[in-house]
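Structure below is coords.txt: compact mmCIF, C-alpha atoms.
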```
# COMPACT_ATOMS: atom_id res chain seq x y z
CA MET A 1 -41.63 16.43 -7.95
CA TYR A 2 -40.31 13.09 -6.64
CA ALA A 3 -36.77 14.09 -7.63
CA SER A 4 -37.13 17.36 -5.67
CA LEU A 5 -38.31 15.42 -2.63
CA LEU A 6 -35.33 13.06 -2.93
CA PHE A 7 -33.04 16.08 -3.27
CA LEU A 8 -34.46 17.58 -0.04
CA ILE A 9 -34.15 14.28 1.86
CA SER A 10 -30.56 13.96 0.63
CA ILE A 11 -29.80 17.48 1.95
CA CYS A 12 -31.06 16.28 5.37
CA ALA A 13 -28.94 13.10 5.03
CA GLY A 14 -25.82 15.12 4.21
CA PHE A 15 -26.57 17.56 7.04
CA LEU A 16 -27.02 14.79 9.62
CA GLY A 17 -24.01 12.93 8.23
CA ALA A 18 -21.73 15.94 8.71
CA LEU A 19 -23.22 16.68 12.15
CA LEU A 20 -22.88 13.14 13.49
CA GLY A 21 -19.67 12.18 11.69
CA ILE A 22 -21.29 9.40 9.69
CA GLY A 23 -21.63 8.84 5.97
CA GLY A 24 -24.85 9.68 4.15
CA GLY A 25 -25.18 6.05 2.95
CA ILE A 26 -26.69 4.99 6.26
CA ILE A 27 -29.62 7.36 5.58
CA VAL A 28 -29.76 7.40 1.77
CA VAL A 29 -30.05 3.65 1.13
CA PRO A 30 -33.02 3.12 3.50
CA ALA A 31 -34.69 6.35 2.24
CA LEU A 32 -34.40 5.30 -1.40
CA THR A 33 -35.67 1.78 -0.77
CA ILE A 34 -38.35 2.38 1.88
CA LEU A 35 -39.68 5.83 0.82
CA PHE A 36 -39.17 5.76 -2.96
CA GLY A 37 -39.36 2.03 -3.70
CA VAL A 38 -36.01 2.05 -5.53
CA ASN A 39 -34.36 -1.35 -5.83
CA ILE A 40 -31.63 -1.71 -3.20
CA ARG A 41 -28.97 -2.39 -5.87
CA TYR A 42 -29.53 1.03 -7.50
CA ALA A 43 -29.70 2.63 -4.04
CA ILE A 44 -26.34 1.15 -3.02
CA ALA A 45 -24.71 2.33 -6.26
CA ALA A 46 -26.13 5.87 -5.83
CA SER A 47 -24.93 5.98 -2.24
CA LEU A 48 -21.36 5.13 -3.27
CA ILE A 49 -21.27 8.15 -5.61
CA SER A 50 -22.47 10.48 -2.86
CA ILE A 51 -19.73 9.09 -0.60
CA ILE A 52 -17.05 9.94 -3.18
CA ALA A 53 -18.42 13.50 -3.43
CA THR A 54 -18.42 14.17 0.32
CA SER A 55 -15.15 12.36 0.98
CA SER A 56 -13.30 14.30 -1.74
CA GLY A 57 -14.54 17.59 -0.28
CA ALA A 58 -13.68 16.54 3.29
CA ALA A 59 -10.29 15.14 2.24
CA ALA A 60 -9.38 18.55 0.84
CA SER A 61 -10.05 20.20 4.23
CA PHE A 62 -8.22 17.54 6.25
CA LEU A 63 -5.17 17.70 3.98
CA ARG A 64 -5.12 21.46 4.41
CA ASP A 65 -5.29 21.06 8.21
CA HIS A 66 -2.42 18.48 8.11
CA LEU A 67 -4.44 15.93 10.10
CA THR A 68 -4.38 13.20 7.46
CA ASN A 69 -1.61 10.62 7.73
CA LEU A 70 -0.99 10.24 4.01
CA ARG A 71 1.51 7.37 4.34
CA LEU A 72 -0.84 5.36 6.55
CA ALA A 73 -3.77 6.09 4.20
CA VAL A 74 -1.88 4.73 1.18
CA LEU A 75 -0.94 1.52 3.01
CA LEU A 76 -4.45 0.90 4.35
CA GLU A 77 -6.04 1.69 0.97
CA LEU A 78 -4.40 -1.51 -0.28
CA GLY A 79 -6.64 -3.41 2.15
CA THR A 80 -9.83 -1.47 1.43
CA VAL A 81 -9.45 -1.61 -2.38
CA ALA A 82 -8.85 -5.39 -2.26
CA GLY A 83 -11.87 -5.72 0.04
CA ALA A 84 -14.03 -3.58 -2.27
CA MET A 85 -13.22 -5.89 -5.18
CA VAL A 86 -14.34 -8.90 -3.15
CA GLY A 87 -17.42 -6.97 -1.94
CA PHE A 88 -18.40 -6.14 -5.53
CA LEU A 89 -18.10 -9.80 -6.53
CA ILE A 90 -20.20 -10.87 -3.51
CA SER A 91 -22.84 -8.23 -4.33
CA SER A 92 -23.15 -9.72 -7.83
CA GLN A 93 -24.02 -13.12 -6.36
CA ILE A 94 -25.96 -12.28 -3.19
CA SER A 95 -29.78 -12.16 -3.27
CA THR A 96 -31.69 -8.91 -2.70
CA ALA A 97 -33.20 -10.37 0.49
CA TRP A 98 -29.74 -10.95 1.97
CA LEU A 99 -28.69 -7.42 1.02
CA TYR A 100 -31.59 -6.06 3.09
CA ILE A 101 -30.75 -8.35 6.01
CA THR A 102 -27.04 -7.44 5.94
CA PHE A 103 -27.90 -3.75 5.74
CA GLY A 104 -30.33 -4.05 8.67
CA GLY A 105 -27.65 -5.79 10.74
CA PHE A 106 -25.13 -3.11 9.82
CA LEU A 107 -27.55 -0.33 10.93
CA LEU A 108 -28.01 -2.00 14.34
CA PHE A 109 -24.24 -2.32 14.74
CA SER A 110 -23.75 1.34 13.71
CA GLY A 111 -26.27 2.42 16.36
CA VAL A 112 -24.31 0.62 19.06
CA MET A 113 -21.01 2.02 17.78
CA MET A 114 -22.37 5.59 17.79
CA LEU A 115 -23.17 5.35 21.50
CA ARG A 116 -19.78 3.91 22.42
CA ARG A 117 -17.31 6.10 24.26
CA LYS A 118 -14.43 6.95 22.05
CA GLY A 119 -10.99 6.27 23.45
CA ASP A 120 -8.08 8.48 22.65
CA ALA A 121 -5.08 6.33 23.43
CA VAL A 122 -1.73 7.41 22.06
CA SER A 123 0.61 4.52 21.39
CA THR A 124 4.26 4.68 22.26
CA VAL A 125 5.09 1.35 20.58
CA ASP A 126 5.87 1.23 16.87
CA HIS A 127 5.15 -1.94 14.86
CA PRO A 128 8.13 -3.04 12.65
CA TRP A 129 6.08 -2.29 9.47
CA SER A 130 5.31 1.14 10.86
CA GLU A 131 9.02 1.74 11.50
CA ARG A 132 9.93 0.56 7.98
CA LEU A 133 7.26 2.73 6.30
CA ARG A 134 7.64 5.63 8.76
CA LEU A 135 3.92 5.69 9.62
CA ALA A 136 4.30 7.44 12.99
CA GLY A 137 3.40 11.11 13.07
CA GLN A 138 2.53 14.13 15.16
CA PHE A 139 -0.29 16.66 15.46
CA MET A 140 -1.31 19.69 17.47
CA ASN A 141 -4.13 19.05 19.98
CA GLU A 142 -6.80 21.58 21.12
CA LYS A 143 -4.47 22.88 23.88
CA GLY A 144 -1.78 23.65 21.34
CA GLN A 145 0.45 20.78 22.51
CA LEU A 146 2.41 18.80 19.95
CA ILE A 147 1.37 15.13 20.33
CA GLN A 148 3.58 12.41 18.85
CA TYR A 149 2.03 9.04 18.08
CA LYS A 150 3.19 5.65 16.86
CA VAL A 151 1.31 2.88 15.08
CA GLU A 152 0.68 -0.58 16.60
CA ARG A 153 -0.58 -3.85 15.08
CA VAL A 154 -0.36 -2.79 11.42
CA PRO A 155 -1.22 -6.26 9.93
CA LEU A 156 -4.40 -6.44 12.06
CA GLY A 157 -5.38 -2.93 10.94
CA LEU A 158 -4.79 -3.88 7.31
CA PHE A 159 -6.91 -7.01 7.75
CA MET A 160 -9.76 -4.99 9.31
CA MET A 161 -9.55 -2.55 6.41
CA PHE A 162 -10.11 -5.44 4.02
CA PHE A 163 -13.48 -6.12 5.72
CA ALA A 164 -14.31 -2.41 5.70
CA GLY A 165 -13.78 -2.51 1.91
CA VAL A 166 -15.99 -5.60 1.51
CA LEU A 167 -18.86 -3.93 3.42
CA SER A 168 -18.41 -0.65 1.54
CA ALA A 169 -18.96 -2.31 -1.84
CA LEU A 170 -21.65 -4.64 -0.58
CA LEU A 171 -23.80 -2.04 1.20
CA GLY A 172 -22.88 1.26 -0.48
CA ILE A 173 -21.44 2.73 2.70
CA GLY A 174 -18.20 4.54 3.49
CA SER A 175 -17.38 2.03 6.26
CA GLY A 176 -15.96 4.95 8.25
CA ILE A 177 -17.10 3.26 11.49
CA PHE A 178 -14.96 0.18 10.73
CA LYS A 179 -12.02 2.21 9.51
CA VAL A 180 -11.95 4.31 12.67
CA LEU A 181 -12.41 1.12 14.74
CA ALA A 182 -9.34 -0.39 13.04
CA MET A 183 -7.18 2.72 13.43
CA ASP A 184 -8.35 3.89 16.85
CA GLY A 185 -9.08 0.45 18.35
CA ALA A 186 -6.46 -1.86 16.83
CA MET A 187 -3.64 0.45 15.75
CA LYS A 188 -4.02 2.91 18.68
CA ILE A 189 -3.93 6.01 16.52
CA PRO A 190 -5.42 9.19 18.07
CA MET A 191 -9.07 9.77 17.14
CA LYS A 192 -8.44 13.04 15.31
CA ILE A 193 -5.91 11.40 13.01
CA SER A 194 -8.08 8.25 12.63
CA SER A 195 -11.15 10.28 11.58
CA ALA A 196 -9.23 12.49 9.14
CA THR A 197 -7.33 9.58 7.59
CA SER A 198 -10.53 7.49 7.37
CA ASN A 199 -12.38 10.34 5.61
CA PHE A 200 -9.46 10.69 3.23
CA MET A 201 -9.54 6.97 2.38
CA ILE A 202 -13.33 6.60 2.04
CA GLY A 203 -13.37 8.15 -1.46
CA VAL A 204 -10.79 5.67 -2.79
CA THR A 205 -12.60 2.71 -1.17
CA ALA A 206 -15.93 3.79 -2.66
CA THR A 207 -14.34 4.40 -6.07
CA ALA A 208 -13.02 0.84 -6.22
CA SER A 209 -16.57 -0.51 -6.44
CA ALA A 210 -18.35 2.58 -7.85
CA GLY A 211 -16.29 2.32 -11.07
CA ALA A 212 -17.39 -1.29 -11.51
CA PHE A 213 -21.02 -0.43 -10.67
CA LEU A 214 -20.92 2.43 -13.21
CA LEU A 215 -19.59 0.21 -16.00
CA ARG A 216 -22.16 -2.47 -15.16
CA GLY A 217 -24.92 0.16 -15.53
CA ASP A 218 -26.10 0.17 -11.89
CA ILE A 219 -25.43 3.89 -11.40
CA ARG A 220 -28.40 5.73 -12.91
CA PRO A 221 -28.38 9.55 -13.08
CA GLU A 222 -32.11 9.84 -12.29
CA VAL A 223 -31.45 8.38 -8.82
CA THR A 224 -27.81 9.31 -8.29
CA CYS A 225 -27.74 13.01 -9.24
CA PRO A 226 -30.41 14.29 -6.80
CA VAL A 227 -28.86 12.15 -4.04
CA SER A 228 -25.27 13.31 -4.61
CA LEU A 229 -26.17 16.97 -5.09
CA GLY A 230 -28.37 16.93 -1.97
CA ILE A 231 -25.64 15.30 0.12
CA ILE A 232 -22.99 17.78 -1.10
CA VAL A 233 -25.26 20.72 -0.14
CA GLY A 234 -26.37 19.14 3.17
CA SER A 235 -22.88 18.23 4.34
CA TRP A 236 -21.64 21.71 3.43
CA ILE A 237 -24.35 23.29 5.61
CA GLY A 238 -23.83 20.67 8.37
CA ALA A 239 -20.11 21.35 8.62
CA ARG A 240 -20.79 25.08 9.11
CA VAL A 241 -23.53 24.87 11.75
CA MET A 242 -21.99 21.88 13.58
CA PRO A 243 -20.41 23.84 16.47
CA ARG A 244 -23.74 25.56 17.28
CA LEU A 245 -25.94 22.45 17.52
CA PRO A 246 -26.34 19.92 20.39
CA ALA A 247 -24.77 17.03 18.47
CA GLN A 248 -24.96 14.57 21.42
CA THR A 249 -28.76 14.96 21.80
CA ILE A 250 -29.28 14.69 18.05
CA LYS A 251 -27.09 11.57 18.06
CA LYS A 252 -29.30 9.83 20.66
CA VAL A 253 -32.49 10.64 18.69
CA PHE A 254 -30.79 9.46 15.52
CA VAL A 255 -29.80 6.12 17.09
CA VAL A 256 -33.47 5.48 17.96
CA MET A 257 -34.47 6.28 14.36
CA LEU A 258 -31.64 4.07 13.09
CA THR A 259 -32.92 1.13 15.16
CA VAL A 260 -36.46 1.51 13.76
CA VAL A 261 -35.12 1.67 10.18
CA ALA A 262 -32.84 -1.33 10.87
CA PHE A 263 -35.84 -3.47 11.83
CA GLN A 264 -37.72 -2.24 8.73
CA MET A 265 -34.80 -3.31 6.54
CA LEU A 266 -34.59 -6.68 8.31
CA TYR A 267 -38.35 -7.15 7.88
CA ARG A 268 -38.02 -6.41 4.16
CA GLY A 269 -35.21 -8.92 3.90
CA PHE A 270 -37.09 -11.69 5.65
CA THR A 271 -40.32 -11.10 3.68
CA HIS A 272 -38.67 -10.45 0.29
CA GLU A 273 -39.61 -13.04 -2.35
CA MET B 1 6.22 25.36 4.01
CA ASN B 2 8.11 22.34 2.68
CA GLU B 3 7.65 20.56 -0.64
CA ILE B 4 5.36 17.84 0.79
CA GLN B 5 3.03 20.38 2.34
CA ARG B 6 2.92 22.32 -0.92
CA LEU B 7 2.03 19.17 -2.85
CA GLU B 8 -0.57 18.22 -0.24
CA LEU B 9 -2.15 21.64 -0.64
CA ARG B 10 -2.10 21.19 -4.40
CA ILE B 11 -3.92 17.85 -4.04
CA ALA B 12 -6.44 19.50 -1.68
CA LYS B 13 -7.07 22.31 -4.20
CA PHE B 14 -7.45 19.81 -7.03
CA LEU B 15 -10.02 17.78 -5.04
CA ARG B 16 -12.03 20.88 -4.16
CA ILE B 17 -12.17 22.14 -7.75
CA GLY B 18 -12.91 18.62 -9.02
CA VAL B 19 -15.93 18.22 -6.73
CA ILE B 20 -17.27 21.61 -7.87
CA VAL B 21 -16.86 20.77 -11.60
CA ALA B 22 -18.44 17.30 -11.19
CA GLY B 23 -21.23 18.81 -9.05
CA LEU B 24 -22.00 21.47 -11.69
CA LEU B 25 -22.16 18.84 -14.44
CA MET B 26 -24.51 16.70 -12.34
CA LEU B 27 -26.61 19.78 -11.52
CA ALA B 28 -26.92 20.60 -15.24
CA GLY B 29 -27.94 16.99 -15.92
CA PHE B 30 -30.41 17.04 -13.01
CA VAL B 31 -32.06 20.23 -14.35
CA LEU B 32 -32.18 18.90 -17.93
CA ASN B 33 -33.66 15.58 -16.73
CA PHE B 34 -36.14 17.21 -14.38
CA GLN B 35 -39.77 16.27 -14.86
CA LEU B 36 -42.64 17.82 -12.91
CA ARG B 37 -45.08 14.97 -13.42
CA GLY B 38 -44.79 11.26 -12.98
CA ASN B 39 -42.52 9.20 -10.78
CA PRO B 40 -39.02 8.97 -12.28
CA PHE B 41 -38.16 6.20 -9.80
CA PHE B 42 -40.92 3.88 -11.01
CA ASN B 43 -38.52 2.32 -13.55
CA PHE B 44 -36.03 1.47 -10.80
CA GLU B 45 -38.25 -0.73 -8.64
CA THR B 46 -36.96 -3.80 -10.42
CA TYR B 47 -33.31 -4.33 -11.21
CA ASP B 48 -32.26 -4.61 -14.87
CA ARG B 49 -28.60 -5.12 -15.61
CA ILE B 50 -27.90 -2.94 -18.67
CA PRO B 51 -24.20 -2.20 -19.32
CA LEU B 52 -23.11 1.45 -19.35
CA ALA B 53 -22.03 1.25 -23.00
CA ASP B 54 -25.58 0.25 -24.03
CA LEU B 55 -27.13 2.97 -21.87
CA LEU B 56 -24.85 5.65 -23.35
CA ALA B 57 -25.52 4.45 -26.92
CA HIS B 58 -29.27 4.60 -26.22
CA HIS B 59 -29.12 8.13 -24.76
CA TRP B 60 -26.88 9.31 -27.61
CA ALA B 61 -29.27 7.89 -30.23
CA HIS B 62 -32.21 9.69 -28.58
CA ARG B 63 -30.24 12.91 -27.98
CA ARG B 64 -30.85 12.81 -24.22
CA TRP B 65 -28.36 15.49 -23.28
CA GLY B 66 -29.43 15.56 -19.63
CA GLN B 67 -28.43 11.93 -19.21
CA LEU B 68 -25.18 12.35 -21.11
CA VAL B 69 -24.15 15.44 -19.11
CA SER B 70 -25.03 13.59 -15.87
CA TYR B 71 -22.82 10.68 -16.86
CA ALA B 72 -20.00 13.13 -17.62
CA GLY B 73 -20.38 14.49 -14.06
CA LEU B 74 -20.43 10.99 -12.59
CA GLY B 75 -17.32 10.06 -14.59
CA ALA B 76 -15.54 13.21 -13.41
CA LEU B 77 -16.41 12.47 -9.79
CA ILE B 78 -15.23 8.85 -9.95
CA SER B 79 -11.96 9.91 -11.57
CA LEU B 80 -11.13 12.29 -8.65
CA PRO B 81 -9.86 9.63 -6.19
CA LEU B 82 -8.00 7.92 -9.06
CA ILE B 83 -6.13 11.12 -9.89
CA ARG B 84 -5.61 11.74 -6.17
CA VAL B 85 -3.84 8.38 -5.80
CA LEU B 86 -1.77 9.13 -8.92
CA LEU B 87 -0.74 12.52 -7.48
CA THR B 88 0.15 10.82 -4.19
CA ALA B 89 2.42 8.40 -6.07
CA VAL B 90 4.06 11.37 -7.81
CA LEU B 91 4.51 13.09 -4.44
CA PHE B 92 6.39 10.05 -3.05
CA LEU B 93 8.48 9.72 -6.21
CA ARG B 94 9.56 13.35 -5.90
CA GLN B 95 10.59 12.63 -2.32
CA ARG B 96 12.55 9.58 -3.61
CA ASP B 97 10.44 7.46 -1.27
CA TYR B 98 10.25 4.53 -3.68
CA LEU B 99 8.61 2.03 -1.32
CA MET B 100 5.64 4.35 -0.68
CA ALA B 101 5.48 5.21 -4.40
CA ILE B 102 5.21 1.47 -5.18
CA LEU B 103 2.42 1.09 -2.60
CA ALA B 104 0.51 4.03 -4.14
CA GLY B 105 1.08 2.45 -7.58
CA LEU B 106 -0.36 -0.82 -6.29
CA VAL B 107 -3.48 1.01 -5.02
CA LEU B 108 -3.86 2.60 -8.46
CA ALA B 109 -3.45 -0.80 -10.15
CA GLY B 110 -6.03 -2.26 -7.72
CA LEU B 111 -8.50 0.47 -8.69
CA ALA B 112 -7.92 -0.21 -12.40
CA VAL B 113 -8.50 -3.95 -11.89
CA SER B 114 -11.63 -3.28 -9.82
CA PHE B 115 -13.11 -1.20 -12.67
CA THR B 116 -12.73 -4.10 -15.09
CA LEU B 117 -14.93 -6.23 -12.80
CA GLY B 118 -17.85 -4.10 -14.06
CA PHE B 119 -17.56 -5.52 -17.55
CA GLU B 120 -19.79 -8.48 -18.30
CA LEU B 121 -17.65 -11.45 -19.22
```

Just give me the structure of the file as C-alpha cells.
Amino acid sequence: MYASLLFLISICAGFLGALLGIGGGIIVVPALTILFGVNIRYAIAASLISIIATSSGAAASFLRDHLTNLRLAVLLELGTVAGAMVGFLISSQISTAWLYITFGGFLLFSGVMMLRRKGDAVSTVDHPWSERLRLAGQFMNEKGQLIQYKVERVPLGLFMMFFAGVLSALLGIGSGIFKVLAMDGAMKIPMKISSATSNFMIGVTATASAGAFLLRGDIRPEVTCPVSLGIIVGSWIGARVMPRLPAQTIKKVFVVMLTVVAFQMLYRGFTHE
Amino acid sequence: MNEIQRLELRIAKFLRIGVIVAGLLMLAGFVLNFQLRGNPFFNFETYDRIPLADLLAHHWAHRRWGQLVSYAGLGALISLPLIRVLLTAVLFLRQRDYLMAILAGLVLAGLAVSFTLGFEL
C-alpha cells in the first residue's frame, strides 16, 4: 500500500520534472523524508538512481537529435566526477541535520533560478582550451537557421562543474541547474545545447556517487525501485504532454510549493537531534 | 550519415534498451517484494550502514528473489553510464582523436575510483 503510494507520487515527480525541466530529486527527497519518514540518507541514494534512469533515457533522445556536445560533455564530466567523489566523502561525515539544512537552502536557490529569465547568448570568442579540444559546434534553431557557437571561459566552467558534482552526491540531485548555469552563464553556450549536454552528463555525475552508495548499502530496493519506476513512467508521460500544458503557470505554482517545502526541510534541520 | 553520427545513434540505442532492461528487472523485483499490509519504509527511518555484500549474502541465504532481482536491475542501471563513457572513448579512438579518448578514459578511471569509496576501509 505504502509502496504503491510512493510509486504514484514518483510518477507525479517524474511528470513535473519533465514538464519543468528539473530533476525528480528536488521532489523525491522531500517526499520520502517528509511524507514517508524515510531517513534522508536513503532518500538521497534512491534519488540518485532515479536520476540515472531519466538521464539515460533523455540522453538517448538528445544524442539522436544531435543537440548534445559530446566533446564538451566528456571534458566537463571530469569536473563533475571529481566533485561527486568529494561530495560522497563529505556526505559520509556531515550530520543529518546539516543535510536537511543544505537541502532546504538548495530548494530556495532552485526556486529563484526557476524564475530567472534565461539568456541565449551565442559566443563568438573561443577559449584556447576550446580551440585545442575543438569544443565549438553548431545547431539548427527553431527557424531552421544554422547557428554556430564557440565556448568561452572553459576553466571557470570546469570549476563550476566540480561544485555541481559535489552537490549532486551530497543532496542526491542531478545539479542540472548548476550545470546549465555554468554552460549558459559562464561559457556562453546556447541554452538548447547547454540543456541537452547537461542532461547527457547528469547520469555520469550521479553514477559517480551512486556506485559508492550502492556498495556502502545505502541504496535499498524497497525505497529505490518504486521511486525509479515511478519517475521513469512520469517523465515519459510528461515529455509527451509537455507541449499541450501551460508550463509557465505550473512553474509559478511549483516555485511556491518549493518554497514551503524548503522551509519544512530547514525546520527539520534546525530541530533535528 | 557519417561514422560519428552512426556511433552516436548506436550509443543512444544502447542507452534506451539498457533503461528498459534495468526498468523491467526493477519492476519484477518491485512486484516480488510487494506487500499489501504494513509499512515497508518503517525500517528506513533510522540509518544503518550495512555493506552491500552483507545485504546480498543475507538475501541469498533467505532466498529473497525479489531483493536479488531488484539489485540486478540497480546494478544494470548504474552500469549504463559507465558503458556509455567506455563507448565514447572507443568512438574517439576510432576517430584517432587521442586527446579526447584520454579524457574519456580519465572519466572512466574517475568513476572506477569513486566506486571504491563505497567500500568500508

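Using all atoms listed in the file, the contacts of Ala76 in chain B at a cut-off of 12 Å, with sequence neighbours closer than 2 positions omitted, comprise A:Ile49, A:Ile52, A:Ala53, A:Ser56, A:Thr207, A:Gly211, B:Leu15, B:Ile17, B:Gly18, B:Val19, B:Ile20, B:Val21, B:Ala22, B:Gly23, B:Leu24, B:Leu25, B:Met26, B:Val69, B:Ser70, B:Tyr71, B:Ala72, B:Gly73, B:Leu74, B:Ile78, B:Ser79, B:Leu80, B:Pro81, B:Leu82, B:Ile83.
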
Contacts of chain B with chain A up to 7 Å, shortest pair per row, all atoms listed in the file, as CSV:
```
residue,atom,partner,partner_atom,distance
B:Glu8,CA,A:Leu63,CA,6.3
B:Leu9,CA,A:Arg64,CA,5.9
B:Ala12,CA,A:Ala60,CA,4.0
B:Lys13,CA,A:Ala60,CA,6.7
B:Leu15,CA,A:Ser56,CA,5.8
B:Arg16,CA,A:Gly57,CA,5.7
B:Val19,CA,A:Ala53,CA,6.3
B:Gly23,CA,A:Leu229,CA,6.6
B:Met26,CA,A:Cys225,CA,5.8
B:Phe30,CA,A:Cys225,CA,6.1
B:Leu36,CA,A:Met1,CA,5.2
B:Arg37,CA,A:Met1,CA,6.6
B:Asn39,CA,A:Tyr2,CA,6.1
B:Pro40,CA,A:Glu222,CA,7.0
B:Phe41,CA,A:Val38,CA,6.3
B:Phe44,CA,A:Val38,CA,5.3
B:Glu45,CA,A:Val38,CA,4.7
B:Thr46,CA,A:Asn39,CA,5.8
B:Tyr47,CA,A:Asn39,CA,6.2
B:Arg49,CA,A:Gly217,CA,6.4
B:Ile50,CA,A:Gly217,CA,5.3
B:Pro51,CA,A:Gly217,CA,4.5
B:Leu52,CA,A:Gly217,CA,4.4
B:Gln67,CA,A:Pro221,CA,6.6
B:Ser70,CA,A:Pro221,CA,5.9
B:Tyr71,CA,A:Pro221,CA,6.8
B:Leu77,CA,A:Ala53,CA,6.7
B:Ile78,CA,A:Thr207,CA,6.0
B:Pro81,CA,A:Val204,CA,5.3
B:Leu103,CA,A:Leu75,CA,6.6
B:Ala104,CA,A:Val74,CA,5.9
B:Val107,CA,A:Leu78,CA,5.4
B:Gly110,CA,A:Val81,CA,6.4
B:Leu111,CA,A:Ala208,CA,5.2
B:Ser114,CA,A:Met85,CA,5.6
B:Phe115,CA,A:Ala212,CA,4.4
B:Thr116,CA,A:Ala212,CA,6.5
B:Leu117,CA,A:Ala212,CA,5.7
B:Gly118,CA,A:Ala212,CA,3.8
B:Phe119,CA,A:Arg216,CA,6.0
```

Gap from CA of Ile26 in chain A to CA of Ala164 in chain A - Å, one decimal: 14.4 Å

What does the distance from CA of Phe263 in chain A to CA of Leu167 in chain A come to in Å, to one decimal?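 So the answer is 19.0 Å.
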
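Going from CA of Met257 in chain A over to CA of Met161 in chain A, you cover 27.6 Å.
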
Select, counting all atoms listed in the file, all protein, DNA and RNA residues no farther than 12 Å from (-38.3, -9.8, 7.5) in file coordinates, and express the selection as a PyMOL selection string. chain A and resi 97-102+104-105+262-273

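Using all atoms listed in the file, the protein and nucleic acid residues lying no more than 9 Å from Leu135 in chain A, apart from those fewer than 4 places from it along its own chain, are Asn69, Leu70, Arg71, Leu72, Asp126, Trp129, Ser130, Glu131, Lys150 and Val151 of chain A.
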
Best match for closeness to Ile173 in chain A among A:Phe15, A:Phe254, A:Phe7, A:Phe103, counting all atoms listed in the file: A:Phe103

Nearest to Ala28 in chain B, chosen from B:Asp48, B:Gly66, B:Arg10, B:Phe42, with all atoms listed in the file counted in the distances: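 Checking each of B:Asp48, B:Gly66, B:Arg10, B:Phe42 against Ala28 in chain B, counting all atoms listed in the file, the winner is B:Gly66.
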
Contact residues around Leu67 in chain A with all atoms listed in the file at 9 Å, ignoring same-chain residues under 5 positions, as a PyMOL selection string: chain A and resi 62+138-140+192-197

Please put the answer as JSON: centre and edge lengths, in Å with one decimal, of a box along x, y and z that encloses all listed atoms of range 42-60 of chain A plus 3 Å on each side.
```
{"center_x": -19.5, "center_y": 9.8, "center_z": -2.1, "size_x": 26.3, "size_y": 23.5, "size_z": 16.8}
```

Find the spatial neighbours of Ala13 in chain A, counting all atoms listed in the file, within a cut-off of 10 Å - ignore same-chain residues fewer than 6 positions away - and output them as a PyMOL selection string. chain A and resi 7+19+22-28+31+227+230-235+238
